[in-house]
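S.K.: Mind looking over this structure? Questions follow.
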Amino acid sequence: MRDGINIAKRGIPAVALVTEDFWPQGDFVAESFGMPDVPRVRIPHPIAGSGDANMRRVAEQVVPAIIDALKQAHVPPQNL
Amino acid sequence: MNAKSAMNDIAVTHLSATDESAALEQLHELGCTDGLPVIIPTPERVARMVLASGYDAELALGSMGPGGGVASIEKVAIAAVMAGCKTDYMPIVLAAVRAVIDPQFDLTEMQATTHCTAPLIIVNGPARHSCGPIACSFGALGPGFRPNASIGRALRLAMINIGGAKPGVSDMALLGHPGKFTYCLGEDEENSPLPPLHSARGFSPEDSTVTVIGAEAPHSVMFSGDADNPESPNALLDVLAIGLANLATNNAILRGGNAVVVLNPDHANVLAGAGLDRAAIQQALFERAAHPVEDMMRVAPGLASRSKDGEQAPKRAFRQADDILVLMAGGSGLYSMVMPSWCAGPNKNSAVTVAIEIDQFCEVPGMSSN
């Protein structure tokens, strides 16, 4: 989440992938670092170690959402 | 009645309640406690704690992640009051907060990790007596010692209420460990064959310091010495190194962090009797805390493979011998303690030692027991 925020603050469109269980933490971090609307996409939990086939399946499911988020991503000038 | 609670700027929020019982329930409901009852931080109690600090209430020590709250003297005083500290303890509480705020400590990442890590506070120097007494011997990490219990708790309450660490939301520790309530001890310098820990970390023995390290719960290491066996000291070093960096630890797999060895007096004397000073003990543990690559890959292929140096020799858990903190505390007997660590964060959640500023402390007559 912080990677997404830090990259966005450098003016580079970014989307954070956040698993279901960490979604509230993502909201907390986004709020704390002053970018409550930083783009993020929800993915299932757990993802690490869930196997290559599952990760590919998840990737295929979320790619459209990632692209949509990137299209909408804007970086407020004051955060550059 | 009125009470104060910390917010994410220099100002504090004033709460109202009909009496102390209602205030306690309010603080529990707001998530401002550790789950145990707290002393209500009334403006009068907080003002006394601030007065004892010798600093202005608005002096900012820094910000505490992940919430980014400003740790002012007043907010730290609120945590100290809530934790049950005497005003005498305030210099140690302030030092502990300053230590975790140091960028080397990676507080933001440490508070947010899924690992169980908690800040272990090690107190050295004369402040163990003048700002305590901090328990250093039998049961020092257990119940029964108000300074140890409340100082560690004050740091935790600061991490919750100033740093914003809330379980499952911003503190993602999967289980945590009991040291997240309080985790504080002193080194038994007077009885140790080793010079005090802080003298090996850039301070004079006459200084008073707090060393804070993100640590797992203490792991017991059993060892019975044998004065007739010249290999006895080596056997002790072997079991300490196993405890410090066995293949289940982050230290063995992620590598590069710190860890703590708390020798009991018997074990300290076994090593000192063999002619080992602190540096030699650290070096011996450093050399032993290593694992063949194939063993690491067998148990943790996804994590150990992050190592990119390509070496085939056993991989050391520590970057250097000094990364293993060695001190003496506790009662005499079979058991020493080791605390592995998290070993992540931009600076590997490095241990930090800071001076306890006793000179600033303002003793207020009649108030030291409040």
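In the structure tokens, chains take the letters A, B, ... in the order shown, each chain's residues start at 1, and ligands count up from 1 in the order shown.
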With 9 Å as the cut-off and only C-alpha atoms counted, what is the closest atom pair between each nearby residue of chain A and chain B? Distances in Å to one decimal, ordered by chain and number, as a tab-separated table.
M.R.:
residue	atom	partner	partner_atom	distance
A:Asp21	CA	B:Gly168	CA	8.4
A:Phe22	CA	B:Val169	CA	7.6
A:Trp23	CA	B:Val169	CA	8.3
A:Pro24	CA	B:Val169	CA	5.3
A:Gln25	CA	B:Val169	CA	4.6
A:Gly26	CA	B:Ser170	CA	8.3
A:Asp27	CA	B:Val169	CA	8.6
A:Phe28	CA	B:Ser170	CA	6.4
A:Val29	CA	B:Pro66	CA	6.9
A:Glu31	CA	B:Gly67	CA	8.5
A:Ser32	CA	B:Gly67	CA	5.3
A:Phe33	CA	B:Gly68	CA	8.0
A:Gly49	CA	B:Gly302	CA	8.0
S.K.: Chain A: which residues are strand (DSSP E or B) by DSSP, as a compact mmCIF listing (two decimals) with C-alpha atoms, in the first residue's frame?
M.R.:
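Output file out.txt is given in full below:
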# COMPACT_ATOMS: atom_id res chain seq x y z
CA ALA A 16 -1.98 -1.03 -4.99
CA LEU A 17 -3.18 -4.62 -4.87
CA VAL A 18 -4.60 -5.25 -1.42
CA THR A 19 -5.88 -8.59 -0.18
CA ARG A 40 -6.33 0.15 -4.99
CA VAL A 41 -7.81 -3.12 -6.12
CA ARG A 42 -9.10 -5.82 -3.82
CA ILE A 43 -7.80 -9.36 -4.32
S.K.: Which residue gives the smallest distance to Asp188 of chain B among B:Pro346, B:Gly202, B:Pro126, B:Gly144, with only C-alpha atoms counted?
M.R.: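 Answer, going by the shortest atom-to-atom distance: B:Pro126.
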S.K.: What's the 8 Å shell around Val293 of chain B, counting only C-alpha atoms, without same-chain residues fewer than 4 positions away, as a PyMOL selection string?
M.R.: chain B and resi 297+312-315
S.K.: A:Pro46, A:Pro13, A:Gly51, A:Gly34: which is nearest Gln72 of chain A, counting only C-alpha atoms?
M.R.: A:Pro13
S.K.: At what distance in Å, to one decimal, does atom CA of Pro205 of chain B lie from atom CA of Trp342 of chain B?
M.R.: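 Computing the Euclidean distance for atom CA of Trp342 of chain B and atom CA of Pro205 of chain B yields 28.9 Å.
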S.K.: Could you give me, as number ranges by chain, the residues within 8 Å of Val261 of chain B, counting only C-alpha atoms and dropping anything in the same chain fewer than 6 positions from it?
M.R.: B: 240, 244, 324-327, 336-339
S.K.: Run DSSP on the backbone and grab whatever in segment 4-75 of chain A lands in alpha helix (DSSP H); send it over as an mmCIF file with C-alpha atoms, in the first residue's frame.
M.R.:
data_model
loop_
_atom_site.group_PDB
_atom_site.id
_atom_site.type_symbol
_atom_site.label_atom_id
_atom_site.label_comp_id
_atom_site.auth_asym_id
_atom_site.auth_seq_id
_atom_site.Cartn_x
_atom_site.Cartn_y
_atom_site.Cartn_z
ATOM 1 C CA GLY A 4 1.505 2.595 -4.222
ATOM 2 C CA ILE A 5 1.279 5.823 -2.248
ATOM 3 C CA ASN A 6 4.975 6.613 -2.582
ATOM 4 C CA ILE A 7 4.951 5.967 -6.325
ATOM 5 C CA ALA A 8 1.794 8.054 -6.784
ATOM 6 C CA LYS A 9 3.404 10.878 -4.833
ATOM 7 C CA TRP A 23 -8.259 -3.910 3.088
ATOM 8 C CA PRO A 24 -8.901 -2.044 6.381
ATOM 9 C CA GLN A 25 -5.166 -1.565 6.843
ATOM 10 C CA GLY A 26 -4.984 -0.203 3.310
ATOM 11 C CA ASP A 27 -7.648 2.355 4.165
ATOM 12 C CA PHE A 28 -5.791 3.288 7.369
ATOM 13 C CA VAL A 29 -2.461 3.743 5.608
ATOM 14 C CA ALA A 30 -4.002 5.694 2.728
ATOM 15 C CA GLU A 31 -5.704 8.006 5.210
ATOM 16 C CA SER A 32 -2.587 8.374 7.362
ATOM 17 C CA ASP A 52 0.799 -20.639 -9.719
ATOM 18 C CA ALA A 53 -2.559 -21.668 -11.180
ATOM 19 C CA ASN A 54 -4.511 -19.745 -8.578
ATOM 20 C CA MET A 55 -2.381 -16.646 -8.983
ATOM 21 C CA ARG A 56 -2.934 -16.695 -12.742
ATOM 22 C CA ARG A 57 -6.673 -17.092 -12.188
ATOM 23 C CA VAL A 58 -6.724 -14.156 -9.781
ATOM 24 C CA ALA A 59 -4.597 -12.084 -12.151
ATOM 25 C CA GLU A 60 -7.006 -12.664 -15.007
ATOM 26 C CA GLN A 61 -9.898 -11.655 -12.806
ATOM 27 C CA VAL A 62 -8.391 -8.413 -11.574
ATOM 28 C CA VAL A 63 -6.573 -7.140 -14.672
ATOM 29 C CA PRO A 64 -9.640 -5.202 -15.911
ATOM 30 C CA ALA A 65 -10.000 -3.541 -12.519
ATOM 31 C CA ILE A 66 -6.292 -2.634 -12.493
ATOM 32 C CA ILE A 67 -6.555 -1.094 -15.956
ATOM 33 C CA ASP A 68 -9.685 0.829 -14.965
ATOM 34 C CA ALA A 69 -7.941 2.119 -11.849
ATOM 35 C CA LEU A 70 -4.911 3.188 -13.883
ATOM 36 C CA LYS A 71 -7.131 5.031 -16.337
ATOM 37 C CA GLN A 72 -8.701 6.931 -13.491
#
S.K.: Quick one: residues within 12 Å of segment 99-102 of chain B, only C-alpha atoms counted, chain neighbours fewer than 3 positions away excluded, as a PDB file with N, CA and C atoms, in the first residue's frame?
M.R.:
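What follows is the written file out.pdb:
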ATOM      1  N   ALA B  60       7.727  18.518  20.683  1.00  0.00           N
ATOM      2  CA  ALA B  60       7.477  17.328  19.865  1.00  0.00           C
ATOM      3  C   ALA B  60       8.745  16.494  19.758  1.00  0.00           C
ATOM      4  N   LEU B  61       8.639  15.211  20.097  1.00  0.00           N
ATOM      5  CA  LEU B  61       9.787  14.309  19.982  1.00  0.00           C
ATOM      6  C   LEU B  61       9.906  13.764  18.567  1.00  0.00           C
ATOM      7  N   GLY B  62       8.791  13.734  17.854  1.00  0.00           N
ATOM      8  CA  GLY B  62       8.774  13.192  16.492  1.00  0.00           C
ATOM      9  C   GLY B  62       7.404  12.613  16.224  1.00  0.00           C
ATOM     10  N   SER B  63       7.256  11.970  15.066  1.00  0.00           N
ATOM     11  CA  SER B  63       5.966  11.361  14.764  1.00  0.00           C
ATOM     12  C   SER B  63       6.080   9.847  14.874  1.00  0.00           C
ATOM     13  N   MET B  64       4.954   9.238  15.212  1.00  0.00           N
ATOM     14  CA  MET B  64       4.936   7.788  15.400  1.00  0.00           C
ATOM     15  C   MET B  64       4.017   7.149  14.364  1.00  0.00           C
ATOM     16  N   GLY B  65       4.591   6.247  13.561  1.00  0.00           N
ATOM     17  CA  GLY B  65       3.802   5.526  12.579  1.00  0.00           C
ATOM     18  C   GLY B  65       3.112   4.325  13.190  1.00  0.00           C
ATOM     19  N   PRO B  66       2.158   3.764  12.453  1.00  0.00           N
ATOM     20  CA  PRO B  66       1.782   4.113  11.085  1.00  0.00           C
ATOM     21  C   PRO B  66       0.799   5.282  10.992  1.00  0.00           C
ATOM     22  N   GLY B  68       1.117   8.277  12.250  1.00  0.00           N
ATOM     23  CA  GLY B  68       1.794   9.554  12.089  1.00  0.00           C
ATOM     24  C   GLY B  68       1.475  10.565  13.163  1.00  0.00           C
ATOM     25  N   GLY B  69       1.003  10.118  14.320  1.00  0.00           N
ATOM     26  CA  GLY B  69       0.707  11.041  15.405  1.00  0.00           C
ATOM     27  C   GLY B  69       1.973  11.699  15.946  1.00  0.00           C
ATOM     28  N   VAL B  70       1.816  12.933  16.376  1.00  0.00           N
ATOM     29  CA  VAL B  70       2.963  13.670  16.915  1.00  0.00           C
ATOM     30  C   VAL B  70       3.153  13.306  18.388  1.00  0.00           C
ATOM     31  N   ALA B  71       4.325  12.802  18.699  1.00  0.00           N
ATOM     32  CA  ALA B  71       4.625  12.427  20.086  1.00  0.00           C
ATOM     33  C   ALA B  71       5.145  13.653  20.825  1.00  0.00           C
ATOM     34  N   SER B  72       4.214  14.405  21.393  1.00  0.00           N
ATOM     35  CA  SER B  72       4.617  15.539  22.227  1.00  0.00           C
ATOM     36  C   SER B  72       4.858  15.035  23.644  1.00  0.00           C
ATOM     37  N   ILE B  92      12.712   7.538  31.603  1.00  0.00           N
ATOM     38  CA  ILE B  92      12.898   6.281  30.860  1.00  0.00           C
ATOM     39  C   ILE B  92      11.827   6.134  29.784  1.00  0.00           C
ATOM     40  N   VAL B  93      10.604   6.514  30.111  1.00  0.00           N
ATOM     41  CA  VAL B  93       9.533   6.452  29.105  1.00  0.00           C
ATOM     42  C   VAL B  93       9.875   7.348  27.913  1.00  0.00           C
ATOM     43  N   LEU B  94      10.339   8.562  28.206  1.00  0.00           N
ATOM     44  CA  LEU B  94      10.689   9.478  27.116  1.00  0.00           C
ATOM     45  C   LEU B  94      11.823   8.915  26.263  1.00  0.00           C
ATOM     46  N   ALA B  95      12.813   8.322  26.926  1.00  0.00           N
ATOM     47  CA  ALA B  95      13.930   7.739  26.169  1.00  0.00           C
ATOM     48  C   ALA B  95      13.435   6.604  25.279  1.00  0.00           C
ATOM     49  N   ALA B  96      12.522   5.786  25.802  1.00  0.00           N
ATOM     50  CA  ALA B  96      12.008   4.666  25.006  1.00  0.00           C
ATOM     51  C   ALA B  96      11.243   5.177  23.783  1.00  0.00           C
ATOM     52  N   PHE B 105      14.765   2.388  13.540  1.00  0.00           N
ATOM     53  CA  PHE B 105      13.904   1.403  14.191  1.00  0.00           C
ATOM     54  C   PHE B 105      12.740   0.964  13.288  1.00  0.00           C
ATOM     55  N   ASP B 106      12.468   1.717  12.222  1.00  0.00           N
ATOM     56  CA  ASP B 106      11.384   1.338  11.294  1.00  0.00           C
ATOM     57  C   ASP B 106      10.052   1.156  12.024  1.00  0.00           C
ATOM     58  N   LEU B 107       9.686   2.117  12.840  1.00  0.00           N
ATOM     59  CA  LEU B 107       8.490   1.957  13.669  1.00  0.00           C
ATOM     60  C   LEU B 107       7.217   1.738  12.847  1.00  0.00           C
ATOM     61  N   THR B 108       7.072   2.509  11.771  1.00  0.00           N
ATOM     62  CA  THR B 108       5.852   2.382  10.973  1.00  0.00           C
ATOM     63  C   THR B 108       5.677   0.960  10.456  1.00  0.00           C
ATOM     64  N   GLU B 109       6.735   0.430   9.881  1.00  0.00           N
ATOM     65  CA  GLU B 109       6.649  -0.912   9.319  1.00  0.00           C
ATOM     66  C   GLU B 109       6.521  -1.950  10.426  1.00  0.00           C
ATOM     67  N   MET B 110       7.242  -1.713  11.510  1.00  0.00           N
ATOM     68  CA  MET B 110       7.234  -2.665  12.619  1.00  0.00           C
ATOM     69  C   MET B 110       5.849  -2.763  13.258  1.00  0.00           C
ATOM     70  N   GLN B 111       5.184  -1.624  13.380  1.00  0.00           N
ATOM     71  CA  GLN B 111       3.844  -1.644  13.976  1.00  0.00           C
ATOM     72  C   GLN B 111       2.840  -2.345  13.051  1.00  0.00           C
ATOM     73  N   ALA B 118       7.635  -7.042  19.260  1.00  0.00           N
ATOM     74  CA  ALA B 118       7.279  -6.007  20.251  1.00  0.00           C
ATOM     75  C   ALA B 118       8.566  -5.346  20.726  1.00  0.00           C
ATOM     76  N   PRO B 119       8.501  -4.068  21.092  1.00  0.00           N
ATOM     77  CA  PRO B 119       9.735  -3.398  21.527  1.00  0.00           C
ATOM     78  C   PRO B 119      10.162  -3.855  22.924  1.00  0.00           C
ATOM     79  N   LEU B 120      11.313  -4.499  22.978  1.00  0.00           N
ATOM     80  CA  LEU B 120      11.921  -4.851  24.260  1.00  0.00           C
ATOM     81  C   LEU B 120      12.760  -3.658  24.711  1.00  0.00           C
ATOM     82  N   ILE B 121      12.500  -3.176  25.926  1.00  0.00           N
ATOM     83  CA  ILE B 121      13.235  -2.035  26.481  1.00  0.00           C
ATOM     84  C   ILE B 121      14.275  -2.579  27.454  1.00  0.00           C
ATOM     85  N   ILE B 122      15.540  -2.310  27.164  1.00  0.00           N
ATOM     86  CA  ILE B 122      16.635  -2.717  28.057  1.00  0.00           C
ATOM     87  C   ILE B 122      17.201  -1.447  28.692  1.00  0.00           C
ATOM     88  N   VAL B 123      17.181  -1.381  30.001  1.00  0.00           N
ATOM     89  CA  VAL B 123      17.640  -0.182  30.697  1.00  0.00           C
ATOM     90  C   VAL B 123      19.020  -0.445  31.293  1.00  0.00           C
ATOM     91  N   LEU B 155       5.037   2.734  26.797  1.00  0.00           N
ATOM     92  CA  LEU B 155       5.472   2.757  25.396  1.00  0.00           C
ATOM     93  C   LEU B 155       4.398   2.136  24.507  1.00  0.00           C
ATOM     94  N   ARG B 156       3.820   1.032  24.947  1.00  0.00           N
ATOM     95  CA  ARG B 156       2.772   0.385  24.138  1.00  0.00           C
ATOM     96  C   ARG B 156       1.570   1.317  23.962  1.00  0.00           C
ATOM     97  N   ALA B 158       1.566   4.509  24.025  1.00  0.00           N
ATOM     98  CA  ALA B 158       1.963   5.554  23.074  1.00  0.00           C
ATOM     99  C   ALA B 158       1.893   5.020  21.649  1.00  0.00           C
ATOM    100  N   MET B 159       2.316   3.787  21.465  1.00  0.00           N
ATOM    101  CA  MET B 159       2.276   3.188  20.118  1.00  0.00           C
ATOM    102  C   MET B 159       0.836   3.015  19.636  1.00  0.00           C
ATOM    103  N   ILE B 162      -0.750   7.251  19.997  1.00  0.00           N
ATOM    104  CA  ILE B 162      -0.057   8.253  19.178  1.00  0.00           C
ATOM    105  C   ILE B 162       0.283   7.644  17.818  1.00  0.00           C
ATOM    106  N   GLY B 163       0.793   6.405  17.839  1.00  0.00           N
ATOM    107  CA  GLY B 163       1.165   5.736  16.590  1.00  0.00           C
ATOM    108  C   GLY B 163      -0.010   5.162  15.824  1.00  0.00           C
ATOM    109  N   THR B 209      21.015   4.596  29.765  1.00  0.00           N
ATOM    110  CA  THR B 209      20.469   4.454  28.411  1.00  0.00           C
ATOM    111  C   THR B 209      19.274   3.515  28.386  1.00  0.00           C
ATOM    112  N   VAL B 210      18.539   3.663  27.305  1.00  0.00           N
ATOM    113  CA  VAL B 210      17.522   2.691  26.929  1.00  0.00           C
ATOM    114  C   VAL B 210      17.946   2.124  25.578  1.00  0.00           C
ATOM    115  N   THR B 211      17.955   0.806  25.494  1.00  0.00           N
ATOM    116  CA  THR B 211      18.131   0.146  24.202  1.00  0.00           C
ATOM    117  C   THR B 211      16.804  -0.511  23.863  1.00  0.00           C
ATOM    118  N   VAL B 212      16.283  -0.184  22.687  1.00  0.00           N
ATOM    119  CA  VAL B 212      15.016  -0.766  22.265  1.00  0.00           C
ATOM    120  C   VAL B 212      15.259  -1.634  21.042  1.00  0.00           C
ATOM    121  N   ILE B 213      14.714  -2.827  21.095  1.00  0.00           N
ATOM    122  CA  ILE B 213      14.839  -3.734  19.954  1.00  0.00           C
ATOM    123  C   ILE B 213      13.499  -4.423  19.742  1.00  0.00           C
ATOM    124  N   GLY B 214      13.090  -4.501  18.500  1.00  0.00           N
ATOM    125  CA  GLY B 214      11.876  -5.243  18.173  1.00  0.00           C
ATOM    126  C   GLY B 214      12.161  -6.720  18.358  1.00  0.00           C
ATOM    127  N   ASN B 347      15.348  -0.659   7.407  1.00  0.00           N
ATOM    128  CA  ASN B 347      16.596  -0.721   8.189  1.00  0.00           C
ATOM    129  C   ASN B 347      16.666  -1.974   9.054  1.00  0.00           C
ATOM    130  N   ASN B 349      14.645  -3.052  11.089  1.00  0.00           N
ATOM    131  CA  ASN B 349      14.106  -2.856  12.453  1.00  0.00           C
ATOM    132  C   ASN B 349      15.255  -2.860  13.478  1.00  0.00           C
ATOM    133  N   SER B 350      16.275  -2.059  13.169  1.00  0.00           N
ATOM    134  CA  SER B 350      17.511  -2.102  13.963  1.00  0.00           C
ATOM    135  C   SER B 350      17.319  -1.657  15.408  1.00  0.00           C
ATOM    136  N   ALA B 351      18.071  -2.280  16.298  1.00  0.00           N
ATOM    137  CA  ALA B 351      18.079  -1.864  17.701  1.00  0.00           C
ATOM    138  C   ALA B 351      18.641  -0.449  17.801  1.00  0.00           C
ATOM    139  N   VAL B 352      18.078   0.327  18.725  1.00  0.00           N
ATOM    140  CA  VAL B 352      18.507   1.718  18.916  1.00  0.00           C
ATOM    141  C   VAL B 352      18.783   1.942  20.395  1.00  0.00           C
ATOM    142  N   THR B 353      19.909   2.597  20.688  1.00  0.00           N
ATOM    143  CA  THR B 353      20.246   2.953  22.066  1.00  0.00           C
ATOM    144  C   THR B 353      20.274   4.469  22.190  1.00  0.00           C
ATOM    145  N   VAL B 354      19.549   5.008  23.158  1.00  0.00           N
ATOM    146  CA  VAL B 354      19.561   6.458  23.395  1.00  0.00           C
ATOM    147  C   VAL B 354      19.808   6.728  24.874  1.00  0.00           C
ATOM    148  N   ALA B 355      20.323   7.919  25.146  1.00  0.00           N
ATOM    149  CA  ALA B 355      20.578   8.319  26.532  1.00  0.00           C
ATOM    150  C   ALA B 355      19.271   8.633  27.242  1.00  0.00           C
ATOM    151  N   ILE B 356      19.213   8.290  28.517  1.00  0.00           N
ATOM    152  CA  ILE B 356      18.112   8.730  29.379  1.00  0.00           C
ATOM    153  C   ILE B 356      18.534  10.067  29.960  1.00  0.00           C
TER     154      ILE B 356
END
